[in-house]
$ cat work.cif   # mmCIF, C-alpha atoms and all ligand atoms
data_input
loop_
_atom_site.label_atom_id
_atom_site.label_comp_id
_atom_site.auth_asym_id
_atom_site.auth_seq_id
_atom_site.Cartn_x
_atom_site.Cartn_y
_atom_site.Cartn_z
CA MET Z 1 0.33 -11.51 20.24
CA LYS Z 2 -2.83 -10.08 18.68
CA ILE Z 3 -2.11 -7.52 15.97
CA LEU Z 4 -4.87 -5.20 14.81
CA VAL Z 5 -4.26 -4.55 11.10
CA THR Z 6 -6.40 -1.85 9.46
CA GLY Z 7 -6.89 -2.15 5.70
CA GLY Z 8 -6.06 -5.87 5.78
CA ALA Z 9 -8.32 -6.57 2.78
CA GLY Z 10 -6.39 -4.13 0.57
CA PHE Z 11 -3.33 -4.73 -1.59
CA ILE Z 12 -0.50 -4.30 0.96
CA GLY Z 13 -2.63 -5.11 4.01
CA SER Z 14 -3.61 -8.50 2.59
CA ALA Z 15 0.07 -9.33 1.94
CA VAL Z 16 0.85 -8.41 5.57
CA VAL Z 17 -2.03 -10.57 6.83
CA ARG Z 18 -1.00 -13.55 4.66
CA GLN Z 19 2.60 -13.30 5.94
CA PHE Z 20 1.58 -13.07 9.60
CA ILE Z 21 -0.58 -16.17 9.27
CA ALA Z 22 1.94 -18.17 7.23
CA GLU Z 23 5.17 -17.17 8.97
CA THR Z 24 4.36 -16.25 12.59
CA GLU Z 25 2.24 -17.35 15.55
CA HIS Z 26 0.45 -13.98 15.80
CA THR Z 27 -3.32 -13.58 15.58
CA VAL Z 28 -4.52 -10.90 13.15
CA ILE Z 29 -7.56 -8.74 13.86
CA ASN Z 30 -8.32 -7.45 10.37
CA VAL Z 31 -10.30 -4.18 10.50
CA ASP Z 32 -11.54 -3.14 7.08
CA ALA Z 33 -14.56 -1.25 5.69
CA LEU Z 34 -14.33 -3.15 2.36
CA THR Z 35 -14.37 -0.09 0.08
CA TYR Z 36 -13.92 -0.63 -3.67
CA ALA Z 37 -10.24 -1.40 -2.88
CA GLY Z 38 -10.91 -3.95 -0.16
CA ASN Z 39 -11.54 -7.51 -1.22
CA LEU Z 40 -11.84 -10.57 0.99
CA GLU Z 41 -11.02 -12.75 -2.01
CA SER Z 42 -7.44 -11.50 -1.66
CA LEU Z 43 -7.45 -13.37 1.66
CA SER Z 44 -8.97 -16.63 0.41
CA ASP Z 45 -5.91 -18.63 1.62
CA VAL Z 46 -6.21 -17.38 5.21
CA ARG Z 47 -9.76 -16.07 5.59
CA ASP Z 48 -11.01 -19.03 7.65
CA HIS Z 49 -7.76 -19.54 9.55
CA PRO Z 50 -8.33 -19.60 13.34
CA ARG Z 51 -5.72 -16.83 13.77
CA HIS Z 52 -7.46 -14.51 11.28
CA ILE Z 53 -10.42 -12.52 12.66
CA PHE Z 54 -12.21 -10.15 10.31
CA GLU Z 55 -14.03 -7.08 11.66
CA HIS Z 56 -16.09 -5.21 9.07
CA VAL Z 57 -15.53 -1.77 10.59
CA ASP Z 58 -14.98 1.72 9.21
CA ILE Z 59 -12.14 3.50 10.99
CA THR Z 60 -14.15 6.72 10.93
CA ASN Z 61 -16.64 5.10 13.35
CA HIS Z 62 -15.27 5.74 16.85
CA ASP Z 63 -17.75 3.53 18.72
CA SER Z 64 -17.20 0.49 16.50
CA LEU Z 65 -13.44 0.93 16.76
CA THR Z 66 -13.62 1.19 20.55
CA SER Z 67 -15.58 -2.09 20.65
CA VAL Z 68 -12.91 -3.79 18.56
CA PHE Z 69 -10.19 -2.71 21.02
CA GLN Z 70 -12.26 -3.84 24.03
CA LYS Z 71 -13.14 -7.17 22.45
CA HIS Z 72 -9.68 -8.16 21.17
CA GLN Z 73 -7.14 -6.35 23.42
CA PRO Z 74 -4.46 -6.04 20.70
CA GLY Z 75 -0.75 -5.83 21.47
CA ALA Z 76 -0.12 -3.65 18.43
CA VAL Z 77 -1.89 -1.68 15.70
CA MET Z 78 -0.63 -1.61 12.12
CA HIS Z 79 -2.51 1.13 10.34
CA LEU Z 80 -2.77 0.61 6.56
CA ALA Z 81 -6.40 1.55 5.87
CA ALA Z 82 -6.49 4.53 3.52
CA GLU Z 83 -7.74 5.93 0.28
CA SER Z 84 -4.60 5.28 -1.74
CA HIS Z 85 -4.93 6.38 -5.36
CA VAL Z 86 -3.65 9.78 -6.53
CA ASP Z 87 -5.98 10.06 -9.57
CA ARG Z 88 -9.03 9.42 -7.40
CA SER Z 89 -7.84 12.13 -4.98
CA ILE Z 90 -7.65 14.58 -7.89
CA ASP Z 91 -11.19 13.64 -8.96
CA GLY Z 92 -12.57 14.06 -5.42
CA SER Z 93 -10.65 14.47 -2.17
CA ALA Z 94 -13.45 14.20 0.43
CA GLU Z 95 -12.93 10.49 1.13
CA PHE Z 96 -9.19 11.07 1.43
CA ILE Z 97 -9.69 13.74 4.08
CA ASN Z 98 -12.25 11.57 5.85
CA THR Z 99 -10.43 8.24 5.96
CA ASN Z 100 -6.79 9.32 5.88
CA ILE Z 101 -7.00 12.27 8.28
CA VAL Z 102 -10.18 11.89 10.36
CA GLY Z 103 -9.93 8.08 10.38
CA THR Z 104 -6.30 8.20 11.53
CA TYR Z 105 -7.21 10.73 14.24
CA LEU Z 106 -10.02 8.46 15.52
CA LEU Z 107 -7.78 5.39 15.45
CA LEU Z 108 -5.15 7.31 17.42
CA GLU Z 109 -7.74 8.38 19.98
CA CYS Z 110 -9.13 4.84 20.38
CA SER Z 111 -5.57 3.52 20.68
CA ARG Z 112 -4.74 6.15 23.31
CA GLU Z 113 -7.88 5.44 25.35
CA TYR Z 114 -7.04 1.72 25.26
CA TRP Z 115 -3.33 2.29 25.94
CA ASN Z 116 -4.06 4.56 28.94
CA ARG Z 117 -5.80 1.63 30.62
CA LEU Z 118 -2.98 -0.86 29.98
CA PRO Z 119 -0.76 -1.81 32.92
CA ALA Z 120 2.76 -0.37 33.10
CA ASN Z 121 5.70 -2.70 32.63
CA ASP Z 122 6.52 -3.25 36.31
CA ARG Z 123 6.16 -6.74 37.67
CA GLN Z 124 3.13 -6.04 39.85
CA SER Z 125 1.11 -4.44 37.05
CA VAL Z 126 2.00 -7.17 34.61
CA ALA Z 127 0.84 -9.74 37.17
CA LYS Z 128 -2.39 -7.81 37.56
CA GLY Z 129 -2.64 -7.28 33.85
CA GLU Z 130 -3.72 -10.78 32.98
CA LYS Z 131 -6.85 -9.37 31.40
CA SER Z 132 -4.70 -7.43 28.94
CA GLY Z 133 -3.13 -10.69 27.76
CA GLY Z 134 0.32 -9.55 28.85
CA VAL Z 135 0.13 -6.34 26.81
CA THR Z 136 1.65 -3.40 28.69
CA LYS Z 137 2.03 0.33 28.10
CA GLU Z 138 5.65 -0.26 27.11
CA SER Z 139 5.04 -3.23 24.84
CA PHE Z 140 2.14 -1.68 22.89
CA ARG Z 141 2.94 -0.24 19.42
CA PHE Z 142 1.03 1.96 16.97
CA HIS Z 143 2.69 1.45 13.57
CA HIS Z 144 1.56 3.95 10.96
CA ILE Z 145 2.12 2.93 7.33
CA SER Z 146 2.71 5.87 5.01
CA THR Z 147 4.17 6.84 1.68
CA ASP Z 148 7.29 8.53 0.29
CA GLU Z 149 4.92 10.91 -1.57
CA VAL Z 150 4.76 13.06 1.60
CA TYR Z 151 8.25 14.34 0.68
CA GLY Z 152 7.07 15.81 -2.64
CA ASP Z 153 9.17 15.03 -5.70
CA LEU Z 154 12.79 15.03 -6.83
CA THR Z 155 14.63 16.16 -9.93
CA VAL Z 156 16.82 13.59 -11.67
CA ASN Z 157 19.94 14.94 -9.94
CA ASP Z 158 18.58 15.17 -6.38
CA PRO Z 159 19.71 12.61 -3.77
CA PRO Z 160 16.96 10.14 -2.69
CA PHE Z 161 14.55 10.94 0.16
CA THR Z 162 15.88 10.35 3.68
CA GLU Z 163 13.90 10.41 6.92
CA GLU Z 164 15.08 14.04 7.33
CA THR Z 165 13.73 15.26 3.97
CA PRO Z 166 11.18 18.06 4.66
CA TYR Z 167 7.54 17.33 3.89
CA ALA Z 168 6.22 18.94 0.66
CA PRO Z 169 3.23 16.89 -0.55
CA SER Z 170 1.81 17.68 -4.01
CA SER Z 171 -1.48 15.82 -4.41
CA PRO Z 172 -4.61 15.65 -2.24
CA TYR Z 173 -3.62 12.03 -1.52
CA SER Z 174 -0.08 12.82 -0.37
CA ALA Z 175 -1.26 15.89 1.58
CA SER Z 176 -3.78 13.72 3.45
CA LYS Z 177 -1.09 11.13 4.22
CA ALA Z 178 1.34 13.86 5.34
CA SER Z 179 -1.36 15.18 7.64
CA SER Z 180 -1.90 11.72 9.14
CA ASP Z 181 1.88 11.31 9.70
CA HIS Z 182 1.94 14.61 11.62
CA LEU Z 183 -0.99 13.51 13.79
CA VAL Z 184 0.74 10.22 14.62
CA ARG Z 185 3.98 11.97 15.64
CA ALA Z 186 2.02 14.53 17.68
CA TRP Z 187 0.33 11.69 19.63
CA TYR Z 188 3.84 10.43 20.52
CA ARG Z 189 5.25 13.80 21.53
CA THR Z 190 2.15 14.97 23.41
CA TYR Z 191 0.75 11.79 24.97
CA GLY Z 192 3.68 9.38 24.76
CA LEU Z 193 1.73 6.85 22.64
CA PRO Z 194 4.44 4.42 21.41
CA ILE Z 195 4.32 4.99 17.66
CA ILE Z 196 6.54 4.08 14.71
CA VAL Z 197 6.13 5.53 11.19
CA THR Z 198 7.23 3.98 7.91
CA ASN Z 199 7.27 5.76 4.53
CA CYS Z 200 7.44 3.48 1.53
CA SER Z 201 7.91 3.83 -2.22
CA ASN Z 202 5.57 2.47 -4.95
CA ASN Z 203 4.53 -1.14 -4.37
CA TYR Z 204 3.63 -3.70 -7.02
CA GLY Z 205 2.73 -7.39 -7.04
CA PRO Z 206 -0.26 -9.76 -6.89
CA TYR Z 207 -3.71 -8.56 -5.74
CA GLN Z 208 -3.18 -4.86 -6.63
CA PHE Z 209 -6.36 -3.10 -7.72
CA PRO Z 210 -6.11 -2.44 -11.48
CA GLU Z 211 -6.17 1.34 -11.26
CA LYS Z 212 -2.46 1.61 -10.41
CA LEU Z 213 0.10 1.69 -13.20
CA ILE Z 214 1.36 -1.91 -13.31
CA PRO Z 215 -1.88 -3.95 -13.05
CA LEU Z 216 -3.72 -1.45 -15.25
CA MET Z 217 -1.15 -1.85 -18.03
CA ILE Z 218 -1.12 -5.65 -17.77
CA LEU Z 219 -4.90 -5.93 -17.98
CA ASN Z 220 -5.37 -3.29 -20.68
CA ALA Z 221 -2.75 -5.06 -22.78
CA LEU Z 222 -4.49 -8.41 -22.35
CA ASP Z 223 -7.72 -6.75 -23.55
CA CYS Z 224 -5.80 -5.16 -26.50
CA LYS Z 225 -6.82 -1.74 -25.13
CA PRO Z 226 -4.60 1.38 -25.26
CA LEU Z 227 -1.87 1.62 -22.60
CA PRO Z 228 -2.33 5.23 -21.39
CA VAL Z 229 1.08 6.71 -20.47
CA TYR Z 230 0.68 10.13 -18.84
CA GLY Z 231 2.72 12.93 -20.44
CA ARG Z 232 5.92 11.56 -22.00
CA GLY Z 233 6.32 8.62 -19.62
CA GLU Z 234 9.49 10.14 -18.14
CA ASN Z 235 8.32 10.26 -14.52
CA ILE Z 236 10.33 7.99 -12.24
CA ARG Z 237 9.13 5.73 -9.43
CA ASP Z 238 11.16 3.49 -7.08
CA TRP Z 239 9.39 0.10 -7.27
CA LEU Z 240 9.16 -2.33 -4.34
CA TYR Z 241 7.69 -5.83 -4.51
CA VAL Z 242 4.79 -6.02 -2.04
CA GLU Z 243 6.10 -9.12 -0.22
CA ASP Z 244 9.35 -7.24 0.51
CA HIS Z 245 7.33 -4.35 1.92
CA ALA Z 246 5.24 -6.66 4.12
CA ARG Z 247 8.45 -8.24 5.48
CA ALA Z 248 9.93 -4.79 6.16
CA LEU Z 249 6.80 -3.82 8.11
CA ARG Z 250 7.13 -6.93 10.26
CA TYR Z 251 10.82 -6.12 10.95
CA VAL Z 252 9.94 -2.57 11.93
CA LEU Z 253 7.10 -3.64 14.21
CA ALA Z 254 9.35 -6.19 15.93
CA HIS Z 255 12.60 -4.22 16.14
CA GLY Z 256 11.93 -0.55 15.31
CA VAL Z 257 12.65 2.16 17.88
CA VAL Z 258 9.60 3.93 19.31
CA GLY Z 259 9.12 7.44 17.90
CA ARG Z 260 11.39 6.71 14.93
CA THR Z 261 10.65 6.86 11.19
CA TYR Z 262 11.95 4.32 8.66
CA ASN Z 263 11.95 4.83 4.90
CA ILE Z 264 11.41 1.69 2.83
CA GLY Z 265 12.32 1.54 -0.86
CA GLY Z 266 13.01 -0.97 -3.58
CA LEU Z 267 16.27 0.47 -5.03
CA ASN Z 268 14.53 0.08 -8.41
CA GLU Z 269 14.17 3.47 -10.09
CA LYS Z 270 12.43 3.22 -13.46
CA THR Z 271 10.70 5.65 -15.79
CA ASN Z 272 7.05 4.84 -16.42
CA LEU Z 273 7.86 4.12 -20.05
CA GLU Z 274 10.55 1.62 -19.01
CA VAL Z 275 8.00 -0.12 -16.78
CA VAL Z 276 5.37 -0.30 -19.52
CA ASN Z 277 7.90 -1.54 -22.06
CA SER Z 278 9.03 -4.28 -19.63
CA ILE Z 279 5.41 -5.38 -19.12
CA CYS Z 280 4.96 -5.55 -22.91
CA ASP Z 281 8.16 -7.60 -23.31
CA LEU Z 282 6.95 -10.09 -20.69
CA LEU Z 283 3.50 -10.38 -22.26
CA ASP Z 284 5.06 -10.80 -25.72
CA GLU Z 285 6.89 -13.80 -24.26
CA LEU Z 286 4.17 -15.26 -22.01
CA ARG Z 287 1.00 -14.48 -24.04
CA PRO Z 288 2.12 -13.63 -27.61
CA LEU Z 289 -0.36 -11.57 -29.61
CA SER Z 290 -0.13 -13.99 -32.50
CA GLY Z 291 -1.70 -16.67 -30.28
CA LEU Z 292 -4.84 -14.66 -29.48
CA PRO Z 293 -7.83 -15.78 -31.60
CA GLU Z 294 -9.03 -12.23 -32.39
CA ILE Z 295 -5.53 -11.25 -33.58
CA SER Z 296 -4.92 -14.35 -35.67
CA GLN Z 297 -8.18 -13.55 -37.48
CA ALA Z 298 -7.17 -9.91 -38.06
CA PRO Z 299 -3.35 -9.91 -38.03
CA ASP Z 300 -2.99 -6.36 -39.34
CA LYS Z 301 -4.98 -4.94 -36.39
CA LEU Z 302 -1.85 -4.90 -34.26
CA SER Z 303 1.88 -5.16 -34.84
CA LYS Z 304 3.65 -8.13 -33.28
CA SER Z 305 4.23 -6.46 -29.88
CA TYR Z 306 1.95 -5.16 -27.14
CA LYS Z 307 4.10 -2.02 -27.36
CA SER Z 308 1.96 -0.91 -30.29
CA LEU Z 309 -0.81 -0.27 -27.74
CA ILE Z 310 1.23 2.39 -25.88
CA THR Z 311 -0.63 5.71 -26.10
CA PHE Z 312 0.67 9.00 -24.72
CA VAL Z 313 -2.17 10.90 -23.01
CA THR Z 314 -2.73 14.13 -21.07
CA ASP Z 315 -0.39 14.50 -18.12
CA ARG Z 316 -1.67 14.16 -14.54
CA LEU Z 317 -2.32 17.46 -12.73
CA GLY Z 318 0.61 18.33 -10.45
CA HIS Z 319 2.39 15.12 -11.54
CA ASP Z 320 5.38 14.39 -9.27
CA HIS Z 321 8.48 13.87 -11.38
CA ARG Z 322 10.59 11.44 -9.40
CA TYR Z 323 10.47 9.46 -6.16
CA ALA Z 324 13.51 7.61 -4.77
CA ILE Z 325 14.23 6.24 -1.30
CA ASP Z 326 17.47 6.13 0.67
CA ASN Z 327 17.18 2.79 2.50
CA SER Z 328 20.25 3.24 4.75
CA ARG Z 329 18.45 3.50 8.09
CA ILE Z 330 16.32 0.38 7.81
CA ALA Z 331 19.23 -1.52 6.21
CA ASN Z 332 21.83 -0.50 8.82
CA GLU Z 333 19.68 -0.49 11.95
CA LEU Z 334 17.29 -3.37 11.27
CA GLY Z 335 19.14 -5.40 8.62
CA TRP Z 336 16.30 -5.31 6.09
CA GLN Z 337 17.00 -5.41 2.35
CA PRO Z 338 14.60 -5.98 -0.55
CA LEU Z 339 15.01 -9.54 -1.86
CA GLU Z 340 13.17 -9.23 -5.17
CA SER Z 341 14.75 -7.55 -8.21
CA PHE Z 342 12.39 -5.59 -10.45
CA GLU Z 343 12.87 -8.16 -13.20
CA THR Z 344 11.94 -11.18 -11.06
CA GLY Z 345 9.13 -9.32 -9.25
CA LEU Z 346 7.56 -8.05 -12.45
CA ARG Z 347 7.66 -11.50 -14.03
CA LYS Z 348 5.90 -13.00 -10.99
CA THR Z 349 3.33 -10.19 -11.09
CA VAL Z 350 2.51 -10.55 -14.80
CA GLN Z 351 2.22 -14.33 -14.38
CA TRP Z 352 -0.10 -13.86 -11.38
CA TYR Z 353 -2.50 -11.65 -13.38
CA LEU Z 354 -2.45 -14.19 -16.21
CA ASP Z 355 -3.32 -16.97 -13.75
CA ASN Z 356 -5.98 -15.16 -11.68
CA THR Z 357 -8.61 -13.99 -14.13
CA THR Z 358 -11.53 -14.63 -11.75
CA TRP Z 359 -10.09 -12.30 -9.09
CA VAL Z 360 -9.51 -9.69 -11.79
CA GLU Z 361 -13.03 -9.82 -13.21
CA ARG Z 362 -14.62 -9.45 -9.78
CA VAL Z 363 -12.67 -6.32 -8.81
CA ARG Z 364 -13.06 -4.64 -12.17
CA LEU Z 365 -16.74 -3.76 -11.99
CA GLY Z 366 -17.44 -0.08 -11.34
CA THR Z 367 -17.93 3.28 -13.00
CA TYR Z 368 -14.61 4.83 -11.99
CA ARG Z 369 -12.93 3.97 -15.30
CA ASP Z 370 -15.44 6.24 -17.07
CA TRP Z 371 -13.98 9.28 -15.29
CA ILE Z 372 -10.44 8.16 -16.16
CA ALA Z 373 -11.39 7.76 -19.83
CA THR Z 374 -12.73 11.34 -19.96
CA GLU Z 375 -9.91 12.86 -17.91
CA TYR Z 376 -7.00 11.35 -19.84
CA THR Z 377 -7.71 11.87 -23.51
CA LYS Z 378 -5.51 10.60 -26.30
CA GLY Z 379 -2.71 12.94 -27.38
CA GLY Z 380 -3.27 15.44 -24.50
P1 LIG L 401 -5.51 -0.19 -1.01
O1 LIG L 401 -6.26 0.97 -1.57
O2 LIG L 401 -5.24 -1.38 -1.85
O3 LIG L 401 -6.28 -0.74 0.30
C1 LIG L 401 -6.81 0.11 1.27
C2 LIG L 401 -7.66 -0.74 2.22
O4 LIG L 401 -8.19 0.14 3.23
C3 LIG L 401 -8.85 -1.42 1.54
O5 LIG L 401 -8.97 -2.76 1.98
C4 LIG L 401 -10.05 -0.59 2.00
O6 LIG L 401 -11.25 -1.33 2.08
C5 LIG L 401 -9.57 -0.14 3.38
N1 LIG L 401 -10.23 1.11 3.81
C6 LIG L 401 -10.35 2.26 3.11
N2 LIG L 401 -11.04 3.17 3.82
C7 LIG L 401 -11.35 2.58 5.01
C8 LIG L 401 -12.03 3.00 6.18
N3 LIG L 401 -12.56 4.23 6.26
N4 LIG L 401 -12.13 2.14 7.22
C9 LIG L 401 -11.60 0.89 7.15
N5 LIG L 401 -10.97 0.42 6.06
C10 LIG L 401 -10.84 1.26 5.00
O7 LIG L 401 -4.17 0.44 -0.42
P2 LIG L 401 -2.71 -0.18 -0.41
O8 LIG L 401 -2.06 0.08 -1.70
O9 LIG L 401 -2.77 -1.55 0.15
O10 LIG L 401 -2.02 0.79 0.66
C11 LIG L 401 -2.05 0.48 2.05
C12 LIG L 401 -1.35 1.60 2.82
O11 LIG L 401 -0.02 1.73 2.37
C13 LIG L 401 -2.02 2.97 2.62
O12 LIG L 401 -2.01 3.63 3.85
C14 LIG L 401 -1.12 3.67 1.62
O13 LIG L 401 -1.14 5.07 1.83
C15 LIG L 401 0.24 3.07 1.97
N6 LIG L 401 1.19 3.00 0.85
C16 LIG L 401 0.82 2.43 -0.34
C17 LIG L 401 1.76 2.34 -1.37
C18 LIG L 401 1.42 1.70 -2.69
O14 LIG L 401 2.26 1.74 -3.60
N7 LIG L 401 0.27 1.07 -2.83
C19 LIG L 401 3.06 2.85 -1.18
C20 LIG L 401 3.39 3.42 0.05
C21 LIG L 401 2.45 3.48 1.07
P1 LIG L 402 0.28 5.15 -9.80
O1 LIG L 402 0.37 3.66 -9.96
O2 LIG L 402 -1.05 5.80 -9.82
O3 LIG L 402 1.08 5.49 -8.46
P2 LIG L 402 1.55 6.94 -7.86
O4 LIG L 402 0.84 8.01 -8.57
O5 LIG L 402 1.14 6.84 -6.43
O6 LIG L 402 3.03 6.98 -8.04
O7 LIG L 402 1.16 5.83 -10.95
C1 LIG L 402 2.53 5.51 -11.11
C2 LIG L 402 3.07 6.37 -12.22
O8 LIG L 402 2.46 5.96 -13.45
C3 LIG L 402 2.74 7.84 -12.07
O9 LIG L 402 3.84 8.62 -12.55
C4 LIG L 402 1.54 8.06 -12.98
C5 LIG L 402 1.76 7.05 -14.09
N1 LIG L 402 0.55 6.48 -14.71
C6 LIG L 402 0.40 6.49 -16.08
O10 LIG L 402 1.27 6.99 -16.83
N2 LIG L 402 -0.73 5.94 -16.62
C7 LIG L 402 -1.71 5.39 -15.85
O11 LIG L 402 -2.74 4.92 -16.41
C8 LIG L 402 -1.53 5.37 -14.43
C9 LIG L 402 -2.58 4.77 -13.54
C10 LIG L 402 -0.38 5.91 -13.89
#

$ encode --input "work.cif" --output "structure tokens"
Amino acid sequence: MKILVTGGAGFIGSAVVRQFIAETEHTVINVDALTYAGNLESLSDVRDHPRHIFEHVDITNHDSLTSVFQKHQPGAVMHLAAESHVDRSIDGSAEFINTNIVGTYLLLECSREYWNRLPANDRQSVAKGEKSGGVTKESFRFHHISTDEVYGDLTVNDPPFTEETPYAPSSPYSASKASSDHLVRAWYRTYGLPIIVTNCSNNYGPYQFPEKLIPLMILNALDCKPLPVYGRGENIRDWLYVEDHARALRYVLAHGVVGRTYNIGGLNEKTNLEVVNSICDLLDELRPLSGLPEISQAPDKLSKSYKSLITFVTDRLGHDHRYAIDNSRIANELGWQPLESFETGLRKTVQWYLDNTTWVERVRLGTYRDWIATEYTKGG
């Protein structure tokens, strides 16, 4: 089958693409605008593979999207393309409204126009439907990839989010994703487009753009720069290793029930301070400060641990306190469980950033960090 993946040059999308190429027979049509977050170097292992086809297309361009559908006749769409970073959405939300809401709307419309022309599942239509490569109205899927942030936040004593938790997004990012989720469900209820929605917790792992908590802390530490912890570092996230997420998405696409929502979480709730401390412990072991030339020349500049770089800064506006996912539905109905513990996943991630300095240097250029430096000042 041909699977049209949007955002396949991003962090999670590239993991999905790599898995499809390595572990299945599917062909991937990778539709990506290559924004600051999209990077074809994240696909270097599969970029020239005959089952990987890259289309440099912006999902807000209806005509280009329509051409992609006509040219490739996909059997499914997995929609990951988005503006994905909360701090950027606080700085300026226009791109979030444009890509996450308008882009999703246009992708839904292109999918619907394409789907309307597919043959039904009866034998005669399938026989006639050779041009559609065996794709039928019943077999087609539109899988929308979303976030647990649409549910708002939890207090420490609340039960985790289920698929029935009411929507209460806090940030421009989560509001734009909530909006896109509603559009996707409306296209199912109104037009019958066969959709599935997944809402996932915080991902981490290789190839994540270093604006999100974990890669930012690893790379700042390696540069002996402050590790900016917002507020008191007590906010809680439920961390999922990106390869586990990609596998969950493949399970849902293959076995999920049309019209249904599946929450995906890592069962790894940690405070931000716990996460940053764990990163420092790993770096103390894998790249001790005493071994760095600049430190050995000025040993009193830093104490023996990267933890001395932790700096508490101004809190994020509207900062969600806690996210946590109840995984029961996807575990019981589809048999998916995360395989990676936070300890093993974080070790792999830290080691990957130590080993992939060229990738890091190439994605780091840009003026965005200047805004962050002004917005989050030391000591709040
Ligand atoms: P990312 O920011 O790393 O990648 C986004 C990708 O989308 C990039 O390759 C970018 O070039 C592409 N893109 C952006 N705007 C586009 C446009 N207009 N047209 C075409 N392509 C465009 O994001 P990610 O972390 O990989 O997240 C992927 C999806 O998963 C998003 O929808 C996000 O909301 C969702 N999600 C992310 C997390 C997380 O922790 N990262 C958690 C839950 C859900
Ligand atoms: P982030 O990785 O931006 O993901 P999200 O906001 O989608 O959960 O942030 C994760 C948590 O880490 C969040 O509570 C904000 C906090 N944080 C910091 O304390 N310092 C930072 O420099 C960043 C980027 C995030």

$ closest_residue --input "work.cif" --among "Z:Val197, Z:Pro160, Z:Ser139, Z:Val363" --to "Thr35 in chain Z" --atoms "all atoms listed in the file"
Z:Val363

$ residues_near_ligand --input "work.cif" --ligand "ligand LIG 401 (chain L)" --cutoff "6 Å" --atoms "all atoms listed in the file" --output "VMD selection string"
chain Z and resid 7 to 13 32 to 35 37 to 38 57 to 60 80 to 84 99 145 to 147 200 to 203

$ residues_around --input "work.cif" --residues "Val17 in chain Z" --least-positions-apart "6" --cutoff "9 Å" --atoms "only C-alpha atoms" --output "PyMOL selection string"
chain Z and resi 5+8-9+28+30+43+46+52+246

$ residues_around --input "work.cif" --residues "range 209-220 of chain Z" --least-positions-apart "5" --cutoff "9 Å" --atoms "all atoms listed in the file" --output "PyMOL selection string"
chain Z and resi 10-11+36-38+85+87+204+225-229+272+275-276+279-280+283+309+346+349-350+353-354+360+363-364+369

$ closest_residue --input "work.cif" --among "Z:Gly291, Z:Gly335, Z:Gly345, Z:Gly231" --to "ligand LIG 402 (chain L)" --atoms "only C-alpha atoms and all ligand atoms"
Z:Gly231

$ atom_distance --input "work.cif" --atom1 "atom O4 of ligand LIG 402 (chain L)" --atom2 "CA of Leu286 in chain Z"
27.1 Å

$ residues_around --input "work.cif" --residues "His49 in chain Z" --least-positions-apart "4" --cutoff "10 Å" --atoms "all atoms listed in the file" --output "list in words"
Ile21, Thr27, Val28, Ser44, Asp45 and Ile53 of chain Z
